[in-house]
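Next up, coords-v9.txt (compact mmCIF, C-alpha atoms):
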# COMPACT_ATOMS: atom_id res chain seq x y z
CA MET A 1 0.00 0.00 0.00
CA GLU A 2 1.32 3.44 -0.94
CA PHE A 3 1.36 6.27 1.57
CA TYR A 4 0.23 9.78 0.65
CA SER A 5 0.72 12.88 2.75
CA MET A 6 -2.32 14.63 4.21
CA ALA A 7 -1.33 17.62 2.02
CA PHE A 8 -2.89 15.73 -0.84
CA ILE A 9 -6.62 15.62 -1.58
CA LYS A 10 -8.23 12.32 -2.52
CA PHE A 11 -11.51 11.88 -4.42
CA LYS A 12 -13.57 8.78 -5.09
CA GLY A 13 -16.88 8.74 -6.91
CA GLU A 14 -19.32 6.02 -7.87
CA GLN A 15 -17.28 6.01 -11.08
CA LEU A 16 -14.31 7.99 -12.34
CA PHE A 17 -13.83 9.26 -15.87
CA ASP A 18 -10.12 9.81 -16.50
CA GLY A 19 -10.53 11.67 -19.79
CA TYR A 20 -10.65 8.47 -21.81
CA HIS A 21 -12.70 5.82 -20.01
CA LEU A 22 -15.18 5.38 -17.20
CA LEU A 23 -13.45 3.44 -14.42
CA ASN A 24 -14.63 1.75 -11.26
CA ASP A 25 -13.08 1.66 -7.81
CA LYS A 26 -10.44 4.33 -8.52
CA VAL A 27 -9.22 7.19 -6.35
CA LEU A 28 -7.86 10.44 -7.73
CA ILE A 29 -5.04 12.02 -5.73
CA CYS A 30 -4.30 15.72 -6.29
CA SER A 31 -2.23 18.41 -4.68
CA GLU A 32 -4.09 21.25 -2.99
CA GLU A 33 -3.27 23.34 -6.08
CA GLY A 34 -5.06 20.83 -8.32
CA GLU A 35 -2.09 19.02 -9.85
CA VAL A 36 -2.73 15.34 -10.52
CA ILE A 37 -0.42 13.21 -8.39
CA ASP A 38 -1.79 9.75 -9.10
CA LEU A 39 -4.78 7.61 -9.95
CA VAL A 40 -4.87 4.46 -7.85
CA ASP A 41 -7.03 1.54 -6.83
CA SER A 42 -9.13 2.21 -3.76
CA ALA A 43 -7.19 -0.40 -1.82
CA ASP A 44 -3.98 1.60 -2.32
CA ALA A 45 -5.33 5.05 -1.52
CA GLY A 46 -4.97 5.04 2.23
CA GLU A 47 -7.19 7.08 4.52
CA GLU A 48 -8.99 10.42 4.29
CA VAL A 49 -10.63 9.74 0.94
CA ASN A 50 -13.45 12.12 0.00
CA GLU A 51 -16.20 9.77 -1.17
CA LEU A 52 -18.72 11.51 -3.41
CA GLU A 53 -21.95 10.54 -5.13
CA GLY A 54 -21.74 10.68 -8.90
CA ILE A 55 -18.95 10.57 -11.49
CA ILE A 56 -15.60 12.28 -10.96
CA SER A 57 -14.37 13.90 -14.19
CA PRO A 58 -11.70 16.32 -15.43
CA GLY A 59 -12.94 19.85 -16.05
CA PHE A 60 -14.83 20.55 -19.26
CA ILE A 61 -13.58 22.40 -22.32
CA ASN A 62 -16.04 24.81 -23.96
CA CYS A 63 -14.67 25.11 -27.49
CA HIS A 64 -17.10 27.77 -28.71
CA CYS A 65 -18.58 30.67 -26.79
CA HIS A 66 -19.48 34.34 -27.34
CA LEU A 67 -18.97 35.71 -23.84
CA GLU A 68 -19.39 39.27 -25.13
CA LEU A 69 -23.05 38.52 -26.00
CA SER A 70 -24.00 37.42 -22.47
CA HIS A 71 -26.27 40.48 -22.01
CA MET A 72 -28.48 39.28 -24.91
CA LYS A 73 -30.11 36.39 -23.09
CA GLY A 74 -33.73 36.08 -24.18
CA ARG A 75 -33.64 39.01 -26.62
CA ILE A 76 -34.01 36.96 -29.80
CA MET A 77 -36.98 34.65 -30.29
CA GLU A 78 -36.47 30.92 -30.48
CA GLU A 79 -36.93 29.20 -33.87
CA SER A 80 -36.07 32.43 -35.67
CA GLY A 81 -33.82 30.64 -38.16
CA LEU A 82 -30.19 31.61 -38.60
CA VAL A 83 -30.66 34.55 -40.96
CA ASP A 84 -33.12 36.33 -38.66
CA PHE A 85 -30.99 35.37 -35.67
CA VAL A 86 -27.92 36.99 -37.24
CA TYR A 87 -29.98 40.07 -38.08
CA GLY A 88 -31.11 40.17 -34.44
CA ILE A 89 -27.50 40.07 -33.23
CA ILE A 90 -26.54 42.91 -35.57
CA THR A 91 -29.46 45.14 -34.56
CA GLN A 92 -29.93 44.31 -30.87
CA ARG A 93 -26.45 43.76 -29.43
CA HIS A 94 -25.93 47.27 -28.03
CA SER A 95 -26.46 47.91 -24.31
CA SER A 96 -24.95 49.98 -21.54
CA MET A 97 -21.38 49.12 -20.58
CA GLU A 98 -22.51 48.39 -17.01
CA GLU A 99 -25.11 45.86 -18.19
CA MET A 100 -22.67 44.10 -20.51
CA LEU A 101 -19.85 43.85 -17.96
CA ASP A 102 -22.21 42.54 -15.28
CA ALA A 103 -23.58 39.91 -17.67
CA ILE A 104 -20.06 38.82 -18.65
CA ASP A 105 -19.04 38.37 -15.01
CA LYS A 106 -22.17 36.34 -14.23
CA ALA A 107 -21.75 34.20 -17.35
CA GLU A 108 -18.14 33.38 -16.52
CA THR A 109 -19.15 32.46 -12.97
CA GLU A 110 -21.85 30.19 -14.39
CA MET A 111 -19.27 28.40 -16.54
CA LEU A 112 -16.96 27.98 -13.55
CA ASP A 113 -19.75 26.59 -11.40
CA GLN A 114 -20.74 24.17 -14.18
CA GLY A 115 -17.26 22.63 -14.33
CA ILE A 116 -15.85 24.45 -17.37
CA VAL A 117 -12.10 25.14 -17.14
CA ALA A 118 -11.23 26.46 -20.61
CA VAL A 119 -13.08 28.37 -23.32
CA GLY A 120 -12.61 29.11 -27.00
CA ASP A 121 -14.15 32.57 -27.03
CA ILE A 122 -15.20 34.67 -30.02
CA CYS A 123 -14.19 38.35 -29.71
CA ASN A 124 -15.32 41.30 -31.81
CA ASN A 125 -14.26 43.89 -29.22
CA ASN A 126 -12.26 44.17 -25.99
CA ILE A 127 -15.17 44.11 -23.56
CA THR A 128 -14.28 40.66 -22.15
CA ALA A 129 -10.54 41.35 -21.76
CA ALA A 130 -10.60 42.74 -18.20
CA GLN A 131 -12.66 39.75 -17.03
CA LYS A 132 -10.19 37.36 -18.62
CA GLN A 133 -7.29 39.09 -16.89
CA LYS A 134 -8.61 37.71 -13.61
CA GLY A 135 -7.36 34.28 -14.69
CA ARG A 136 -10.35 32.28 -13.47
CA LEU A 137 -10.56 30.28 -16.73
CA TYR A 138 -8.20 29.47 -19.56
CA TYR A 139 -9.22 31.26 -22.76
CA HIS A 140 -8.22 31.11 -26.37
CA ASN A 141 -9.46 34.35 -27.92
CA PHE A 142 -10.69 33.99 -31.47
CA ILE A 143 -10.63 37.58 -32.70
CA GLU A 144 -13.25 37.58 -35.40
CA ALA A 145 -12.90 39.39 -38.71
CA SER A 146 -15.78 39.87 -41.15
CA GLY A 147 -16.72 41.95 -44.17
CA VAL A 148 -17.82 41.08 -47.70
CA LEU A 149 -16.78 44.32 -49.41
CA PRO A 150 -13.29 43.91 -50.93
CA GLU A 151 -12.50 47.61 -50.60
CA LEU A 152 -13.08 47.48 -46.84
CA ALA A 153 -10.84 44.46 -46.24
CA PRO A 154 -7.78 46.51 -45.14
CA VAL A 155 -9.82 48.49 -42.61
CA ARG A 156 -11.59 45.42 -41.25
CA PHE A 157 -8.37 43.48 -40.95
CA GLN A 158 -6.55 46.35 -39.25
CA HIS A 159 -9.33 46.51 -36.64
CA SER A 160 -8.70 42.83 -35.85
CA VAL A 161 -4.93 43.34 -35.71
CA ASP A 162 -5.39 46.27 -33.32
CA LEU A 163 -7.63 44.14 -31.11
CA PHE A 164 -5.11 41.26 -31.23
CA ARG A 165 -2.35 43.62 -30.06
CA GLU A 166 -4.58 45.09 -27.37
CA PHE A 167 -5.31 41.64 -25.92
CA SER A 168 -1.64 40.65 -26.12
CA LEU A 169 0.02 43.87 -24.95
CA GLN A 170 -2.39 45.98 -22.91
CA TYR A 171 -4.08 43.04 -21.19
CA SER A 172 -0.97 40.79 -21.11
CA ILE A 173 -2.77 37.79 -22.58
CA PRO A 174 -0.15 35.42 -24.08
CA VAL A 175 0.19 35.85 -27.83
CA GLU A 176 -0.32 32.12 -28.40
CA SER A 177 -3.75 32.41 -26.74
CA ASN A 178 -5.04 34.76 -29.45
CA SER A 179 -5.90 34.19 -33.13
CA ILE A 180 -7.45 36.29 -35.87
CA VAL A 181 -10.18 34.19 -37.51
CA PRO A 182 -12.88 34.45 -40.18
CA HIS A 183 -16.42 34.78 -38.82
CA ALA A 184 -18.09 32.54 -41.41
CA PRO A 185 -17.58 31.55 -45.06
CA TYR A 186 -20.39 33.83 -46.23
CA SER A 187 -19.20 36.95 -44.38
CA VAL A 188 -15.55 37.28 -45.43
CA SER A 189 -14.28 38.62 -48.76
CA THR A 190 -11.44 36.91 -50.63
CA GLU A 191 -9.18 39.84 -49.81
CA LEU A 192 -9.93 39.60 -46.10
CA TRP A 193 -9.42 35.83 -46.16
CA GLU A 194 -5.92 36.27 -47.52
CA SER A 195 -4.97 38.70 -44.76
CA ILE A 196 -6.38 36.45 -42.04
CA ILE A 197 -4.69 33.21 -43.02
CA HIS A 198 -1.31 34.88 -43.59
CA PHE A 199 -1.26 36.81 -40.30
CA PRO A 200 2.06 35.84 -38.61
CA GLY A 201 1.66 33.20 -35.92
CA ASN A 202 -1.96 32.39 -36.76
CA HIS A 203 -1.96 28.69 -35.89
CA LEU A 204 -5.44 27.93 -34.55
CA PHE A 205 -8.68 28.94 -36.29
CA SER A 206 -12.36 28.79 -35.50
CA ILE A 207 -15.09 29.34 -38.10
CA HIS A 208 -18.89 29.06 -38.07
CA ASN A 209 -19.58 26.24 -40.53
CA GLN A 210 -22.79 25.23 -42.31
CA GLU A 211 -25.13 26.31 -39.54
CA THR A 212 -27.89 26.64 -42.15
CA GLU A 213 -28.53 25.12 -45.57
CA ALA A 214 -28.79 28.70 -46.87
CA GLU A 215 -25.00 28.89 -46.51
CA ASN A 216 -24.57 26.05 -49.00
CA GLU A 217 -27.16 27.59 -51.34
CA TRP A 218 -25.26 30.88 -51.28
CA PHE A 219 -22.05 29.22 -52.41
CA ARG A 220 -23.63 26.92 -54.95
CA ASN A 221 -25.65 29.51 -56.85
CA LYS A 222 -25.95 32.72 -54.77
CA SER A 223 -29.57 31.99 -53.93
CA GLY A 224 -31.58 31.66 -50.73
CA GLU A 225 -31.98 33.51 -47.47
CA PHE A 226 -28.63 35.29 -47.46
CA ASN A 227 -29.88 37.52 -50.26
CA ARG A 228 -32.53 38.77 -47.86
CA LEU A 229 -30.02 39.27 -45.03
CA TYR A 230 -27.64 41.36 -47.11
CA SER A 231 -30.55 43.36 -48.48
CA GLN A 232 -31.77 44.08 -44.93
CA ILE A 233 -28.38 45.38 -43.83
CA ASN A 234 -27.82 47.17 -47.14
CA VAL A 235 -24.62 45.35 -48.15
CA ASP A 236 -23.56 45.10 -51.80
CA THR A 237 -22.70 41.48 -52.64
CA SER A 238 -21.92 41.96 -56.33
CA SER A 239 -18.29 41.01 -55.73
CA PHE A 240 -19.24 37.53 -54.50
CA GLN A 241 -19.11 34.82 -57.14
CA PRO A 242 -20.72 31.43 -56.36
CA THR A 243 -18.50 28.39 -56.65
CA GLY A 244 -21.07 25.74 -57.51
CA LYS A 245 -19.95 23.80 -54.43
CA SER A 246 -20.97 23.60 -50.79
CA SER A 247 -19.52 26.25 -48.51
CA LEU A 248 -17.07 23.85 -46.84
CA ARG A 249 -15.74 22.60 -50.17
CA SER A 250 -15.37 26.23 -51.27
CA TYR A 251 -13.41 27.64 -48.33
CA LEU A 252 -11.50 24.77 -46.74
CA PRO A 253 -8.72 24.84 -49.39
CA ARG A 254 -7.97 28.45 -48.45
CA PHE A 255 -6.24 27.45 -45.20
CA LEU A 256 -2.51 26.89 -45.17
CA ARG A 257 -0.80 23.63 -44.30
CA ASN A 258 -0.48 22.89 -40.59
CA GLN A 259 -3.15 25.41 -39.56
CA SER A 260 -5.51 23.77 -37.04
CA LEU A 261 -9.24 24.34 -37.43
CA ILE A 262 -12.32 24.19 -35.23
CA LEU A 263 -15.44 24.01 -37.42
CA VAL A 264 -18.44 25.14 -35.40
CA HIS A 265 -22.10 23.97 -35.62
CA ASN A 266 -21.94 21.77 -38.78
CA VAL A 267 -25.72 21.31 -38.78
CA HIS A 268 -25.88 21.10 -42.57
CA THR A 269 -22.59 19.32 -43.23
CA HIS A 270 -23.18 16.43 -45.61
CA GLU A 271 -21.41 13.17 -46.36
CA ASP A 272 -19.57 14.56 -49.39
CA ASP A 273 -18.29 17.44 -47.20
CA LEU A 274 -16.95 15.00 -44.65
CA GLN A 275 -15.23 12.94 -47.32
CA PHE A 276 -13.75 16.13 -48.80
CA SER A 277 -12.46 17.25 -45.40
CA LYS A 278 -10.43 14.05 -45.08
CA THR A 279 -8.19 15.18 -47.93
CA PHE A 280 -6.95 17.92 -45.59
CA SER A 281 -6.64 15.88 -42.41
CA SER A 282 -2.98 15.03 -42.97
CA ASP A 283 -2.00 18.71 -43.15
CA ASN A 284 -4.72 20.46 -41.13
CA GLU A 285 -5.95 19.14 -37.81
CA ILE A 286 -9.75 19.55 -37.82
CA SER A 287 -12.10 19.46 -34.84
CA TRP A 288 -15.88 19.52 -35.29
CA CYS A 289 -17.55 21.56 -32.57
CA LEU A 290 -21.20 20.87 -31.75
CA CYS A 291 -23.43 23.38 -29.93
CA PRO A 292 -26.70 21.42 -29.89
CA ASN A 293 -28.65 23.71 -27.55
CA ALA A 294 -27.94 26.72 -29.78
CA ASN A 295 -29.00 24.74 -32.86
CA TRP A 296 -32.20 23.74 -31.08
CA TYR A 297 -32.82 27.31 -29.92
CA ILE A 298 -32.34 28.84 -33.38
CA SER A 299 -33.72 26.23 -35.78
CA ARG A 300 -34.92 23.14 -33.88
CA ARG A 301 -32.26 21.14 -35.69
CA MET A 302 -29.49 18.83 -34.56
CA PRO A 303 -26.10 18.25 -36.21
CA PRO A 304 -25.55 14.97 -38.15
CA LEU A 305 -23.87 13.27 -35.21
CA ASP A 306 -24.00 9.74 -36.57
CA LYS A 307 -22.34 10.79 -39.84
CA LEU A 308 -19.62 12.65 -37.95
CA MET A 309 -18.92 9.59 -35.83
CA GLU A 310 -18.99 7.22 -38.81
CA ASN A 311 -16.31 9.40 -40.43
CA ASP A 312 -14.11 9.36 -37.31
CA CYS A 313 -14.35 13.12 -36.86
CA ARG A 314 -12.83 14.59 -33.72
CA ILE A 315 -15.94 15.93 -32.01
CA VAL A 316 -15.80 18.67 -29.38
CA LEU A 317 -18.51 20.67 -27.61
CA GLY A 318 -19.42 24.33 -27.18
CA THR A 319 -22.18 26.40 -25.64
CA ASP A 320 -22.41 29.27 -28.15
CA SER A 321 -23.79 32.42 -26.44
CA LEU A 322 -26.59 33.27 -24.06
CA ALA A 323 -28.24 34.97 -27.05
CA SER A 324 -28.81 31.47 -28.45
CA ASN A 325 -28.81 29.27 -25.37
CA TYR A 326 -30.55 28.81 -22.05
CA GLN A 327 -27.33 28.44 -20.04
CA LEU A 328 -23.57 27.99 -20.46
CA SER A 329 -23.17 24.37 -19.43
CA ILE A 330 -21.36 21.57 -21.23
CA MET A 331 -23.41 19.02 -19.29
CA ALA A 332 -26.56 20.65 -20.68
CA GLU A 333 -25.11 20.19 -24.19
CA ILE A 334 -24.45 16.53 -23.40
CA SER A 335 -28.01 16.12 -22.09
CA ARG A 336 -29.43 17.58 -25.31
CA LEU A 337 -27.34 15.17 -27.38
CA GLN A 338 -28.36 12.23 -25.19
CA GLU A 339 -32.01 13.16 -25.77
CA HIS A 340 -31.63 12.96 -29.55
CA PHE A 341 -28.88 10.32 -29.79
CA PRO A 342 -29.49 7.92 -26.87
CA HIS A 343 -27.37 5.21 -28.52
CA VAL A 344 -24.18 7.23 -27.97
CA SER A 345 -22.59 6.45 -24.60
CA LEU A 346 -21.94 9.01 -21.87
CA GLU A 347 -18.30 7.87 -21.85
CA THR A 348 -17.96 8.91 -25.49
CA MET A 349 -19.57 12.30 -24.92
CA LEU A 350 -17.40 12.99 -21.88
CA ARG A 351 -14.37 12.31 -24.06
CA TRP A 352 -15.59 15.04 -26.43
CA ALA A 353 -16.00 17.41 -23.48
CA THR A 354 -12.54 16.81 -22.01
CA THR A 355 -9.60 15.29 -23.91
CA ASN A 356 -10.92 16.15 -27.38
CA GLY A 357 -11.66 19.71 -26.38
CA ALA A 358 -8.26 20.18 -24.75
CA LYS A 359 -6.56 18.96 -27.94
CA ALA A 360 -8.69 21.26 -30.10
CA LEU A 361 -7.68 24.33 -28.06
CA GLN A 362 -4.08 23.05 -27.87
CA LEU A 363 -4.22 22.87 -24.08
CA ASP A 364 -3.86 19.11 -23.74
CA GLN A 365 -0.48 19.34 -22.01
CA LEU A 366 -2.31 20.82 -19.03
CA LEU A 367 -6.01 20.00 -19.25
CA GLY A 368 -8.44 17.32 -20.34
CA SER A 369 -7.41 14.19 -18.43
CA PHE A 370 -6.27 12.87 -15.07
CA GLU A 371 -2.62 12.33 -15.96
CA LYS A 372 0.31 13.04 -13.67
CA GLY A 373 1.42 16.64 -13.73
CA LYS A 374 -1.73 18.04 -15.36
CA ARG A 375 -4.11 20.49 -13.65
CA PRO A 376 -7.39 19.69 -15.39
CA GLY A 377 -9.79 20.68 -12.63
CA VAL A 378 -12.03 18.19 -10.84
CA VAL A 379 -15.76 17.98 -11.53
CA VAL A 380 -18.45 15.80 -10.02
CA ILE A 381 -21.39 14.80 -12.25
CA LYS A 382 -24.64 13.81 -10.60
CA ASP A 383 -28.17 13.55 -12.00
CA GLY A 384 -27.17 15.23 -15.25
CA ASN A 385 -25.59 18.22 -13.52
CA ALA A 386 -21.94 19.11 -12.98
CA MET A 387 -20.16 20.99 -10.22
CA ARG A 388 -16.50 21.90 -10.01
CA ILE A 389 -14.92 20.87 -6.72
CA LEU A 390 -11.22 21.67 -7.37
Go ahead and express the file in the form of structure tokens.
Amino acid sequence: MEFYSMAFIKFKGEQLFDGYHLLNDKVLICSEEGEVIDLVDSADAGEEVNELEGIISPGFINCHCHLELSHMKGRIMEESGLVDFVYGIITQRHSSMEEMLDAIDKAETEMLDQGIVAVGDICNNNITAAQKQKGRLYYHNFIEASGVLPELAPVRFQHSVDLFREFSLQYSIPVESNSIVPHAPYSVSTELWESIIHFPGNHLFSIHNQETEAENEWFRNKSGEFNRLYSQINVDTSSFQPTGKSSLRSYLPRFLRNQSLILVHNVHTHEDDLQFSKTFSSDNEISWCLCPNANWYISRRMPPLDKLMENDCRIVLGTDSLASNYQLSIMAEISRLQEHFPHVSLETMLRWATTNGAKALQLDQLLGSFEKGKRPGVVVIKDGNAMRIL
């Protein structure tokens, strides 16, 4: 029997998920600072074991969030469809600074309480930077660039570069924790694309992908609902030329070799898209981020989970924003998926929420699993809810 100092904290649940598998009769031993010391059989753990009801798990990774939209909870009607939802974001996102900052603080606290330890966060401004400086969660900031007018590409890109430098220099957020990324295939001109992908050090990208079939229609023949959206916001789209292909098949070749991608939503990703994406898998590491509660909120649709699994896609999870969700909880996303895909095991979904997510955000040396030396956080899952305990 091994002996462990009382300075260590020991946890035992009804089961333990180590980031890969659900295990029985295991005890997690951590330092008081949260570093994993060991994972041992109960018989070897000694005394003073904290026995808890539920499943012990590493902290969750939220690969897609819009923290800056936290003040918009309930503002946009459910089942609006993506085009009207996007129009609602554009026209209703403004509020007082006090209201926005308060909502951001409460939303981050909600994520902490729900067992989230790291977030891939979309940024169009600096309003979340001061909150992130507190260091309560790990963040990768995806500084979003958009604009379909070629002549405005330099101005739009410079805004993103200025924001990137502000996060890195003024707020002392490590450079490697920031990227400049395209908002969505339909909202970025060719000229802006070129600036984004060639920005020095840009190694990790996030992009909203095929959240609506209208996105594919736009690329195939410039038809569908996006014509209405651009007309509503008075944007000239004459420079856009359809490709005759789906959106994913149109934009994926733009990325450079060895740039890692997180494709978000994927509700209308089809089998031929998935086969096409495999031609890039040797050069570009791709993660497929699902935000099922946001998809349900906006369109009452679910992503093609079975097809993604059949094609061995690396699946990760996100919450999207409170403008399109009821809460910021990875366990709530898992519950939604379990409701629609009951044949997929909890063990598999927890892997998406932990190790897969940590790899996608390039934080797997520190987070995602109970391996010696990591500090992944400790969460207890009970009755479909999660609570962080270390």
Residues near segment 38-40 of chain A, cut-off 9 Å, all atoms listed in the file, skip fewer than 6 positions along chain, as a compact mmCIF listing (two decimals) with C-alpha atoms, keeping the file's coordinate frame:
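Okay, selection.txt is ready:
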# COMPACT_ATOMS: atom_id res chain seq x y z
CA ASP A 18 -10.12 9.81 -16.50
CA ASP A 25 -13.08 1.66 -7.81
CA LYS A 26 -10.44 4.33 -8.52
CA VAL A 27 -9.22 7.19 -6.35
CA LEU A 28 -7.86 10.44 -7.73
CA ILE A 29 -5.04 12.02 -5.73
CA CYS A 30 -4.30 15.72 -6.29
CA PHE A 370 -6.27 12.87 -15.07
CA GLU A 371 -2.62 12.33 -15.96
CA LYS A 372 0.31 13.04 -13.67
CA GLY A 373 1.42 16.64 -13.73
Could you make a table, as a Markdown table, of the residues of segment 327-388 of chain A that have an atom within 10 Å of an atom of segment 165-183 of chain A, each with its nearest atom pair and distance in Å to one decimal, counting all atoms listed in the file, in chain and number order?
| residue | atom | partner | partner_atom | distance |
| --- | --- | --- | --- | --- |
| A:Leu361 | CA | A:Ser177 | CA | 9.1 |
| A:Gln362 | CA | A:Ser177 | CA | 9.4 |
| A:Leu363 | CA | A:Ser177 | CA | 9.9 |
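For the set A:Leu16, A:Asp312, A:Trp193, A:Ser223, the residue with the smallest atom-to-atom gap to Leu256 of chain A is A:Trp193, counting only C-alpha atoms.
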(request) Write out as number ranges by chain each polymer residue whose atoms come within 9 Å of Asn325 of chain A, counting only C-alpha atoms; drop sequence neighbours fewer than 5 positions from it. (result) A: 73-74, 293-298, 319-320
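Using all atoms listed in the file, the shortest contact distance between Glu78 of chain A and any of A:Leu263, A:Ala323, A:Val119, A:Ile207 is found at A:Ala323.
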(request) For His71 of chain A, please output as an MDAnalysis selection string all residues within 9 Å (counting all atoms listed in the file; exclusion window: fewer than 4 positions along the same chain). (result) chainID A and resid 67 75 93 95 99:104 322:323
Each residue of segment 28-115 of chain A with at least one atom at most 10 Å from segment 348-351 of chain A should appear once, together with its nearest atom pair and the corresponding distance in Å (one decimal); atoms considered: all atoms listed in the file; ordering: chain, then increasing residue number; output as a Markdown table.
| residue | atom | partner | partner_atom | distance |
| --- | --- | --- | --- | --- |
| A:Ser57 | CA | A:Leu350 | CA | 8.3 |
| A:Pro58 | CA | A:Leu350 | CA | 9.2 |
| A:Phe60 | CA | A:Leu350 | CA | 8.4 |
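The coordinates place atom CA of Glu213 of chain A at 16.5 Å from atom CA of Cys291 of chain A.
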(request) Name all residues at most 12 Å from Ile196 of chain A (count all atoms listed in the file; drop same-chain ones fewer than 4 positions away) and give them as a ChimeraX atom specification. (result) /A:142-147,153-154,156-161,164,179-183,188-192,200-207,254-256,259
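The closest residue to Glu51 of chain A, picked from A:Gly115, A:Pro150, A:Gly13, A:Gly120 and counting only C-alpha atoms, is A:Gly13.
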(request) Rank nothing, just name the residue among A:Thr243, A:Val316, A:Ala184, A:Pro376 nearest to Leu137 of chain A, using only C-alpha atoms. (result) A:Pro376
(request) Compare A:Ala7, A:Leu390, A:Phe199, A:Phe240 by their minimum atom-to-atom distance to Ser31 of chain A, counting all atoms listed in the file, and give me the closest one. (result) A:Ala7
(request) Could you please determine the separation between atom CA of Asn221 of chain A and atom CA of Val155 of chain A in Å, to one decimal place? (result) 28.5 Å
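Counting from atom CA of His270 of chain A, the distance to atom CA of Asn284 of chain A is 19.4 Å.
In terms of minimum interatomic distance to Ser329 of chain A, A:Met111 ranks closest within A:Ala358, A:Met111, A:Ile389, A:Ala130, counting only C-alpha atoms.
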(request) Show which residues sit within 12 Å of Met331 of chain A, as a VMD selection string. Count only C-alpha atoms, and ignore same-chain residues fewer than 6 positions away. (result) chain A and resid 57 59 to 62 111 113 to 116 291 to 293 317 to 319 337 to 338 346 349 to 350 352 to 354 379 to 388
Keeping only C-alpha atoms, write the selected residues to a file as a PDB file, in the coordinates of the input.
ATOM      1  CA  SER A  57     -14.370  13.900 -14.190  1.00  0.00           C
ATOM      2  CA  GLY A  59     -12.940  19.850 -16.050  1.00  0.00           C
ATOM      3  CA  PHE A  60     -14.830  20.550 -19.260  1.00  0.00           C
ATOM      4  CA  ILE A  61     -13.580  22.400 -22.320  1.00  0.00           C
ATOM      5  CA  ASN A  62     -16.040  24.810 -23.960  1.00  0.00           C
ATOM      6  CA  MET A 111     -19.270  28.400 -16.540  1.00  0.00           C
ATOM      7  CA  ASP A 113     -19.750  26.590 -11.400  1.00  0.00           C
ATOM      8  CA  GLN A 114     -20.740  24.170 -14.180  1.00  0.00           C
ATOM      9  CA  GLY A 115     -17.260  22.630 -14.330  1.00  0.00           C
ATOM     10  CA  ILE A 116     -15.850  24.450 -17.370  1.00  0.00           C
ATOM     11  CA  CYS A 291     -23.430  23.380 -29.930  1.00  0.00           C
ATOM     12  CA  PRO A 292     -26.700  21.420 -29.890  1.00  0.00           C
ATOM     13  CA  ASN A 293     -28.650  23.710 -27.550  1.00  0.00           C
ATOM     14  CA  LEU A 317     -18.510  20.670 -27.610  1.00  0.00           C
ATOM     15  CA  GLY A 318     -19.420  24.330 -27.180  1.00  0.00           C
ATOM     16  CA  THR A 319     -22.180  26.400 -25.640  1.00  0.00           C
ATOM     17  CA  LEU A 337     -27.340  15.170 -27.380  1.00  0.00           C
ATOM     18  CA  GLN A 338     -28.360  12.230 -25.190  1.00  0.00           C
ATOM     19  CA  LEU A 346     -21.940   9.010 -21.870  1.00  0.00           C
ATOM     20  CA  MET A 349     -19.570  12.300 -24.920  1.00  0.00           C
ATOM     21  CA  LEU A 350     -17.400  12.990 -21.880  1.00  0.00           C
ATOM     22  CA  TRP A 352     -15.590  15.040 -26.430  1.00  0.00           C
ATOM     23  CA  ALA A 353     -16.000  17.410 -23.480  1.00  0.00           C
ATOM     24  CA  THR A 354     -12.540  16.810 -22.010  1.00  0.00           C
ATOM     25  CA  VAL A 379     -15.760  17.980 -11.530  1.00  0.00           C
ATOM     26  CA  VAL A 380     -18.450  15.800 -10.020  1.00  0.00           C
ATOM     27  CA  ILE A 381     -21.390  14.800 -12.250  1.00  0.00           C
ATOM     28  CA  LYS A 382     -24.640  13.810 -10.600  1.00  0.00           C
ATOM     29  CA  ASP A 383     -28.170  13.550 -12.000  1.00  0.00           C
ATOM     30  CA  GLY A 384     -27.170  15.230 -15.250  1.00  0.00           C
ATOM     31  CA  ASN A 385     -25.590  18.220 -13.520  1.00  0.00           C
ATOM     32  CA  ALA A 386     -21.940  19.110 -12.980  1.00  0.00           C
ATOM     33  CA  MET A 387     -20.160  20.990 -10.220  1.00  0.00           C
ATOM     34  CA  ARG A 388     -16.500  21.900 -10.010  1.00  0.00           C
TER      35      ARG A 388
END
If I only have part of segment 313-319 of chain A, can you fill in N, CA and C atoms and write it as an mmCIF file, in the coordinates of the input?
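Generated file (result_18.cif):
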data_model
loop_
_atom_site.group_PDB
_atom_site.id
_atom_site.type_symbol
_atom_site.label_atom_id
_atom_site.label_comp_id
_atom_site.auth_asym_id
_atom_site.auth_seq_id
_atom_site.Cartn_x
_atom_site.Cartn_y
_atom_site.Cartn_z
ATOM 1 N N CYS A 313 -14.645 11.706 -37.099
ATOM 2 C CA CYS A 313 -14.350 13.120 -36.860
ATOM 3 C C CYS A 313 -14.037 13.336 -35.382
ATOM 4 N N ARG A 314 -13.085 14.215 -35.112
ATOM 5 C CA ARG A 314 -12.830 14.590 -33.720
ATOM 6 C C ARG A 314 -13.917 15.578 -33.305
ATOM 7 N N ILE A 315 -14.805 15.115 -32.450
ATOM 8 C CA ILE A 315 -15.940 15.930 -32.010
ATOM 9 C C ILE A 315 -15.596 16.616 -30.699
ATOM 10 N N VAL A 316 -15.950 17.894 -30.611
ATOM 11 C CA VAL A 316 -15.800 18.670 -29.380
ATOM 12 C C VAL A 316 -17.114 19.420 -29.147
ATOM 13 N N LEU A 317 -17.237 20.045 -27.993
ATOM 14 C CA LEU A 317 -18.510 20.670 -27.610
ATOM 15 C C LEU A 317 -18.336 22.142 -27.280
ATOM 16 N N GLY A 318 -19.391 22.914 -27.530
ATOM 17 C CA GLY A 318 -19.420 24.330 -27.180
ATOM 18 C C GLY A 318 -20.810 24.731 -26.718
ATOM 19 N N THR A 319 -20.886 25.912 -26.150
ATOM 20 C CA THR A 319 -22.180 26.400 -25.640
ATOM 21 C C THR A 319 -22.772 27.505 -26.497
#
